[in-house]
$ cat structure_26.cif   # mmCIF, C-alpha atoms
data_model
#
loop_
_atom_site.label_atom_id
_atom_site.label_comp_id
_atom_site.auth_asym_id
_atom_site.auth_seq_id
_atom_site.Cartn_x
_atom_site.Cartn_y
_atom_site.Cartn_z
CA MET S 1 94.67 142.19 144.54
CA GLY S 2 96.42 144.95 142.59
CA THR S 3 97.92 148.01 144.18
CA ASP S 4 95.63 151.03 144.29
CA THR S 5 97.39 153.85 142.41
CA LYS S 6 94.73 156.50 143.04
CA THR S 7 95.83 159.67 144.78
CA PRO S 8 94.94 159.52 148.48
CA ALA S 9 92.33 161.95 149.79
CA ARG S 10 94.74 163.49 152.30
CA PRO S 11 97.03 165.20 149.74
CA ALA S 12 93.96 166.70 148.06
CA ALA S 13 92.83 168.14 151.37
CA GLU S 14 96.33 169.45 152.04
CA ASP S 15 96.37 171.01 148.58
CA ALA S 16 93.06 172.75 149.31
CA ARG S 17 94.44 174.07 152.61
CA ARG S 18 97.54 175.34 150.83
CA HIS S 19 95.38 177.14 148.26
CA ARG S 20 93.36 178.80 151.03
CA LEU S 21 96.56 179.83 152.75
CA LEU S 22 97.96 181.33 149.54
CA ASP S 23 94.68 183.13 148.84
CA ALA S 24 94.90 184.68 152.29
CA ALA S 25 98.57 185.59 151.77
CA LEU S 26 97.72 187.22 148.44
CA GLY S 27 95.17 189.44 150.11
CA VAL S 28 97.70 190.54 152.73
CA PHE S 29 100.49 191.19 150.22
CA LEU S 30 98.13 193.20 148.00
CA ARG S 31 97.03 195.27 150.98
CA TYR S 32 100.35 195.93 152.70
CA GLY S 33 103.02 195.17 150.11
CA PHE S 34 106.01 192.90 150.63
CA ARG S 35 108.04 194.84 153.20
CA LYS S 36 105.14 195.69 155.52
CA THR S 37 103.61 192.21 155.41
CA SER S 38 104.51 190.03 158.38
CA MET S 39 104.21 186.28 158.73
CA ASP S 40 102.02 186.94 161.79
CA GLU S 41 99.59 188.95 159.65
CA VAL S 42 99.40 186.20 157.03
CA ALA S 43 98.87 183.56 159.72
CA ARG S 44 95.97 185.56 161.17
CA ALA S 45 94.43 186.06 157.72
CA ALA S 46 94.75 182.34 156.98
CA ASP S 47 93.41 181.43 160.43
CA ILE S 48 96.39 179.26 161.30
CA SER S 49 99.13 179.54 163.88
CA ARG S 50 102.42 181.23 163.12
CA GLN S 51 104.13 177.88 163.68
CA GLY S 52 101.68 176.27 161.24
CA LEU S 53 102.55 178.83 158.60
CA TYR S 54 106.27 178.18 159.04
CA LEU S 55 105.64 174.47 158.51
CA HIS S 56 104.54 175.41 154.97
CA PHE S 57 107.00 178.23 154.27
CA ALA S 58 110.32 178.80 156.00
CA THR S 59 110.64 182.47 155.02
CA LYS S 60 108.52 185.38 153.86
CA GLU S 61 110.43 185.34 150.56
CA GLU S 62 109.46 181.71 149.98
CA LEU S 63 105.84 182.51 150.84
CA PHE S 64 105.83 185.46 148.44
CA GLN S 65 107.21 183.37 145.57
CA ALA S 66 104.56 180.70 146.14
CA THR S 67 101.80 183.31 146.46
CA LEU S 68 102.80 185.01 143.22
CA ARG S 69 102.87 181.72 141.32
CA HIS S 70 99.49 180.79 142.80
CA ALA S 71 98.01 184.12 141.72
CA MET S 72 99.45 183.85 138.20
CA GLU S 73 98.29 180.26 137.73
CA GLY S 74 94.79 181.08 138.95
CA ALA S 75 94.48 184.16 136.74
CA LEU S 76 95.75 182.25 133.71
CA GLN S 77 93.32 179.40 134.30
CA ARG S 78 90.36 181.77 134.58
CA ALA S 79 91.50 183.69 131.51
CA ARG S 80 91.80 180.52 129.44
CA GLU S 81 88.33 179.46 130.52
CA GLY S 82 86.88 182.78 129.39
CA LEU S 83 88.79 182.77 126.11
CA SER S 84 87.68 179.25 125.25
CA ASP S 85 83.98 179.70 126.04
CA GLY S 86 82.38 178.88 122.69
CA SER S 87 79.00 180.17 123.84
CA LEU S 88 80.34 183.74 123.81
CA SER S 89 81.12 186.09 120.94
CA VAL S 90 84.74 186.81 120.11
CA GLU S 91 84.37 190.25 121.72
CA ALA S 92 82.95 188.79 124.92
CA ARG S 93 85.63 186.10 125.08
CA LEU S 94 88.42 188.66 124.75
CA VAL S 95 86.91 190.89 127.41
CA ARG S 96 86.35 187.92 129.70
CA GLY S 97 89.93 186.75 129.22
CA PHE S 98 91.53 190.11 129.91
CA ASP S 99 89.24 190.76 132.86
CA ALA S 100 90.29 187.46 134.42
CA TRP S 101 93.96 188.13 133.73
CA MET S 102 94.17 191.81 134.74
CA GLY S 103 90.82 193.23 135.80
CA HIS S 104 90.65 190.81 138.71
CA PHE S 105 93.41 192.81 140.44
CA VAL S 106 92.19 196.34 139.67
CA GLY S 107 91.25 198.18 142.86
CA SER S 108 92.59 195.42 145.10
CA VAL S 109 96.08 196.85 145.64
CA GLY S 110 96.40 198.90 148.81
CA ALA S 111 98.26 202.18 149.15
CA GLY S 112 100.99 200.41 151.11
CA ALA S 113 101.65 197.85 148.40
CA SER S 114 103.57 200.15 146.08
CA ASP S 115 106.73 198.08 146.53
CA LEU S 116 105.32 194.91 144.97
CA THR S 117 106.40 195.71 141.41
CA GLU S 118 109.89 196.60 142.61
CA VAL S 119 110.16 193.38 144.60
CA VAL S 120 108.93 191.24 141.72
CA ASN S 121 111.28 192.85 139.20
CA GLY S 122 114.23 192.48 141.52
CA THR S 123 113.85 188.78 142.26
CA ALA S 124 113.41 185.42 140.57
CA ALA S 125 109.67 186.05 140.82
CA ARG S 126 109.98 188.13 137.66
CA GLU S 127 110.48 184.93 135.66
CA VAL S 128 107.17 183.58 136.97
CA VAL S 129 105.37 186.68 135.73
CA VAL S 130 107.12 186.60 132.33
CA GLN S 131 106.30 182.92 131.80
CA HIS S 132 102.62 183.30 132.60
CA GLU S 133 102.31 186.52 130.63
CA ALA S 134 103.68 184.69 127.57
CA LEU S 135 101.17 181.88 128.04
CA PHE S 136 98.31 184.39 128.32
CA VAL S 137 99.36 186.27 125.18
CA GLU S 138 99.64 182.95 123.34
CA ALA S 139 96.08 182.01 124.36
CA VAL S 140 94.70 185.39 123.21
CA THR S 141 96.60 185.17 119.94
CA LYS S 142 95.00 181.79 119.19
CA VAL S 143 91.55 183.34 119.64
CA VAL S 144 92.39 186.27 117.36
CA ARG S 145 93.75 183.98 114.65
CA ALA S 146 90.74 181.67 114.78
CA SER S 147 88.28 184.59 114.71
CA GLY S 148 89.31 185.83 111.28
CA LEU S 149 90.67 189.12 112.63
CA ALA S 150 94.21 188.27 111.55
CA ALA S 151 93.05 187.82 107.97
CA ALA S 152 91.03 191.05 108.12
CA TYR S 153 94.02 193.08 109.26
CA LYS S 154 96.56 191.38 106.99
CA PRO S 155 96.16 194.00 104.20
CA ALA S 156 97.21 196.61 106.75
CA GLY S 157 100.36 194.61 107.48
CA LEU S 158 99.30 193.70 111.00
CA SER S 159 99.75 190.19 112.38
CA ALA S 160 97.62 188.49 115.03
CA ARG S 161 100.44 188.89 117.54
CA GLN S 162 100.73 192.62 116.82
CA LEU S 163 97.00 193.04 117.37
CA VAL S 164 97.23 191.18 120.67
CA ASP S 165 100.29 193.13 121.81
CA THR S 166 98.42 196.38 121.14
CA LEU S 167 95.35 195.18 123.02
CA ASN S 168 97.55 193.95 125.86
CA ALA S 169 99.24 197.35 126.11
CA THR S 170 95.83 199.04 126.16
CA ALA S 171 94.66 196.73 128.94
CA ARG S 172 97.79 197.50 130.96
CA GLY S 173 97.14 201.20 130.64
CA LEU S 174 93.54 200.76 131.75
CA LYS S 175 94.68 198.62 134.68
CA HIS S 176 97.00 201.32 135.99
CA SER S 177 94.75 204.30 135.27
CA GLY S 178 91.45 202.94 136.57
CA ASP S 179 90.29 202.74 140.15
CA THR S 180 87.70 199.98 139.76
CA ARG S 181 87.32 196.71 137.96
CA GLU S 182 84.11 198.03 136.37
CA ALA S 183 85.98 200.97 134.83
CA PHE S 184 88.62 198.57 133.52
CA VAL S 185 86.00 196.36 131.87
CA ASP S 186 84.18 199.36 130.37
CA GLY S 187 87.37 200.72 128.83
CA LEU S 188 88.49 197.34 127.63
CA THR S 189 85.10 196.63 126.06
CA LEU S 190 85.45 199.74 123.91
CA ALA S 191 88.96 198.76 122.83
CA VAL S 192 87.88 195.22 121.96
CA ARG S 193 84.84 196.48 120.09
CA ALA S 194 87.05 198.71 117.95
CA LEU S 195 89.46 195.84 117.31
CA CYS S 196 86.61 193.53 116.26
CA MET S 197 84.91 195.96 113.88
CA PRO S 198 86.04 194.00 110.80
CA LEU S 199 84.10 190.99 112.09
CA GLY S 200 80.92 193.08 112.18
CA ALA S 201 81.54 194.30 108.64
CA ALA S 202 82.03 190.71 107.50
CA ARG S 203 78.63 189.80 108.86
#
$ encode --input "structure_26.cif" --output "structure tokens"
Amino acid sequence: MGTDTKTPARPAAEDARRHRLLDAALGVFLRYGFRKTSMDEVARAADISRQGLYLHFATKEELFQATLRHAMEGALQRAREGLSDGSLSVEARLVRGFDAWMGHFVGSVGAGASDLTEVVNGTAAREVVVQHEALFVEAVTKVVRASGLAAAYKPAGLSARQLVDTLNATARGLKHSGDTREAFVDGLTLAVRALCMPLGAAR
């Protein structure tokens, strides 16, 4: 009888527990920031013992790095799903993608979490953000190229990447100026609609 090479069920269960732990940690970091977050607080939020948390992560820094990567990977996956949904219009796909990437976090950052950007920029975690941001922009650029927008804006000397960079900058501004995810989506919808006007004219 041949050796069974299937992945055992136990690692899958452990992976699910790790994801739940990181989801809980994300909520705590977003509420309190890095410096004010304690391992005890994360353990309570994840409903595990402090000792159990330390079995997964030896330090708060290690936990933060893993939490950030988990958040970036999840946001990128959801964004790609929205961008690739062929049942939606180009406008709806772009809004869905940006909402999953940025809107998901609007209004979820607590007043005490103002140090998160500083901590990310000052550590190796910055590379995680840069890598995932590049992958997101690449996914959006593919949608813009395939939609015909790049060809429509070519006479104006604008490339697909330039269009995406402009939309990305707009989304960032909306993320930091809005208080709610709904306000972010409303503002982004207007920006995307303006960007996609040539598609309407083509129809």
$ residues_near_point --input "structure_26.cif" --point "(91.0, 185.6, 158.8)" --cutoff "12 Å" --atoms "all atoms listed in the file" --output "number ranges by chain"
S: 20-21, 23-25, 27-28, 40-49
$ resolve_selection --input "structure_26.cif" --expression "the PyMOL selection byres ((chain S and resi 167-177) around 8)" --output "number ranges by chain"
S: 98, 102-103, 106, 137, 163-166, 178-179, 184, 187-188, 191-192
$ write_last_selection --input "structure_26.cif" --atoms "C-alpha atoms" --output "short mmCIF file (atom, residue, chain, number, x, y, z; two decimals), keeping the file's coordinate frame"
data_model
loop_
_atom_site.label_atom_id
_atom_site.label_comp_id
_atom_site.auth_asym_id
_atom_site.auth_seq_id
_atom_site.Cartn_x
_atom_site.Cartn_y
_atom_site.Cartn_z
CA PHE S 98 91.53 190.11 129.91
CA MET S 102 94.17 191.81 134.74
CA GLY S 103 90.82 193.23 135.80
CA VAL S 106 92.19 196.34 139.67
CA VAL S 137 99.36 186.27 125.18
CA LEU S 163 97.00 193.04 117.37
CA VAL S 164 97.23 191.18 120.67
CA ASP S 165 100.29 193.13 121.81
CA THR S 166 98.42 196.38 121.14
CA GLY S 178 91.45 202.94 136.57
CA ASP S 179 90.29 202.74 140.15
CA PHE S 184 88.62 198.57 133.52
CA GLY S 187 87.37 200.72 128.83
CA LEU S 188 88.49 197.34 127.63
CA ALA S 191 88.96 198.76 122.83
CA VAL S 192 87.88 195.22 121.96
#
$ atom_distance --input "structure_26.cif" --atom1 "CA of Gly33 (chain S)" --atom2 "CA of Arg78 (chain S)"
24.1 Å
$ resolve_selection --input "structure_26.cif" --expression "the PyMOL selection byres ((chain S and resi 111) around 10)" --output "ChimeraX atom specification"
/S:30-33,108-110,112-115
$ closest_residue --input "structure_26.cif" --among "S:Val129, S:Val120, S:Ala13, S:Leu88" --to "Arg69 (chain S)" --atoms "all atoms listed in the file"
S:Val129
$ atom_distance --input "structure_26.cif" --atom1 "CA of Leu135 (chain S)" --atom2 "CA of Gly157 (chain S)"
24.2 Å
$ closest_residue --input "structure_26.cif" --among "S:Val119, S:Met39, S:Leu190, S:Leu158" --to "Ala92 (chain S)" --atoms "all atoms listed in the file"
S:Leu190
$ atom_distance --input "structure_26.cif" --atom1 "CA of Arg145 (chain S)" --atom2 "CA of His132 (chain S)"
20.0 Å
$ residues_around --input "structure_26.cif" --residues "Gly82 (chain S)" --least-positions-apart "5" --cutoff "12 Å" --atoms "all atoms listed in the file" --output "ChimeraX atom specification"
/S:75-77,87-101,136,139-140,143
$ decode --input "structure_26.cif" --residues "region 95-106 of chain S" --atoms "N, CA, C and O atoms" --output "compact mmCIF listing (two decimals), in the first residue's frame"
# COMPACT_ATOMS: atom_id res chain seq x y z
N VAL S 95 -14.39 49.25 -7.48
CA VAL S 95 -14.85 49.67 -6.16
C VAL S 95 -14.73 48.52 -5.17
O VAL S 95 -14.26 48.69 -4.04
N ARG S 96 -15.14 47.33 -5.59
CA ARG S 96 -15.07 46.17 -4.72
C ARG S 96 -13.62 45.88 -4.31
O ARG S 96 -13.33 45.57 -3.15
N GLY S 97 -12.71 45.99 -5.28
CA GLY S 97 -11.31 45.72 -4.99
C GLY S 97 -10.71 46.71 -4.01
O GLY S 97 -10.06 46.32 -3.03
N PHE S 98 -10.95 47.99 -4.23
CA PHE S 98 -10.40 49.00 -3.33
C PHE S 98 -11.07 48.96 -1.95
O PHE S 98 -10.42 49.23 -0.94
N ASP S 99 -12.34 48.63 -1.92
CA ASP S 99 -13.03 48.53 -0.64
C ASP S 99 -12.43 47.39 0.18
O ASP S 99 -12.20 47.53 1.38
N ALA S 100 -12.15 46.27 -0.47
CA ALA S 100 -11.55 45.14 0.24
C ALA S 100 -10.13 45.46 0.70
O ALA S 100 -9.70 45.02 1.77
N TRP S 101 -9.41 46.22 -0.10
CA TRP S 101 -8.02 46.52 0.21
C TRP S 101 -7.88 47.61 1.27
O TRP S 101 -7.07 47.50 2.19
N MET S 102 -8.69 48.68 1.15
CA MET S 102 -8.56 49.81 2.07
C MET S 102 -9.80 50.07 2.92
O MET S 102 -9.71 50.33 4.11
N GLY S 103 -10.96 50.03 2.28
CA GLY S 103 -12.19 50.39 2.98
C GLY S 103 -12.46 49.51 4.18
O GLY S 103 -13.06 49.95 5.17
N HIS S 104 -11.99 48.28 4.11
CA HIS S 104 -12.18 47.31 5.19
C HIS S 104 -11.66 47.84 6.53
O HIS S 104 -12.17 47.48 7.59
N PHE S 105 -10.64 48.72 6.47
CA PHE S 105 -10.00 49.21 7.69
C PHE S 105 -10.50 50.58 8.13
O PHE S 105 -10.16 51.04 9.22
N VAL S 106 -11.29 51.24 7.28
CA VAL S 106 -11.76 52.59 7.62
C VAL S 106 -12.70 52.53 8.82
O VAL S 106 -13.64 51.73 8.85
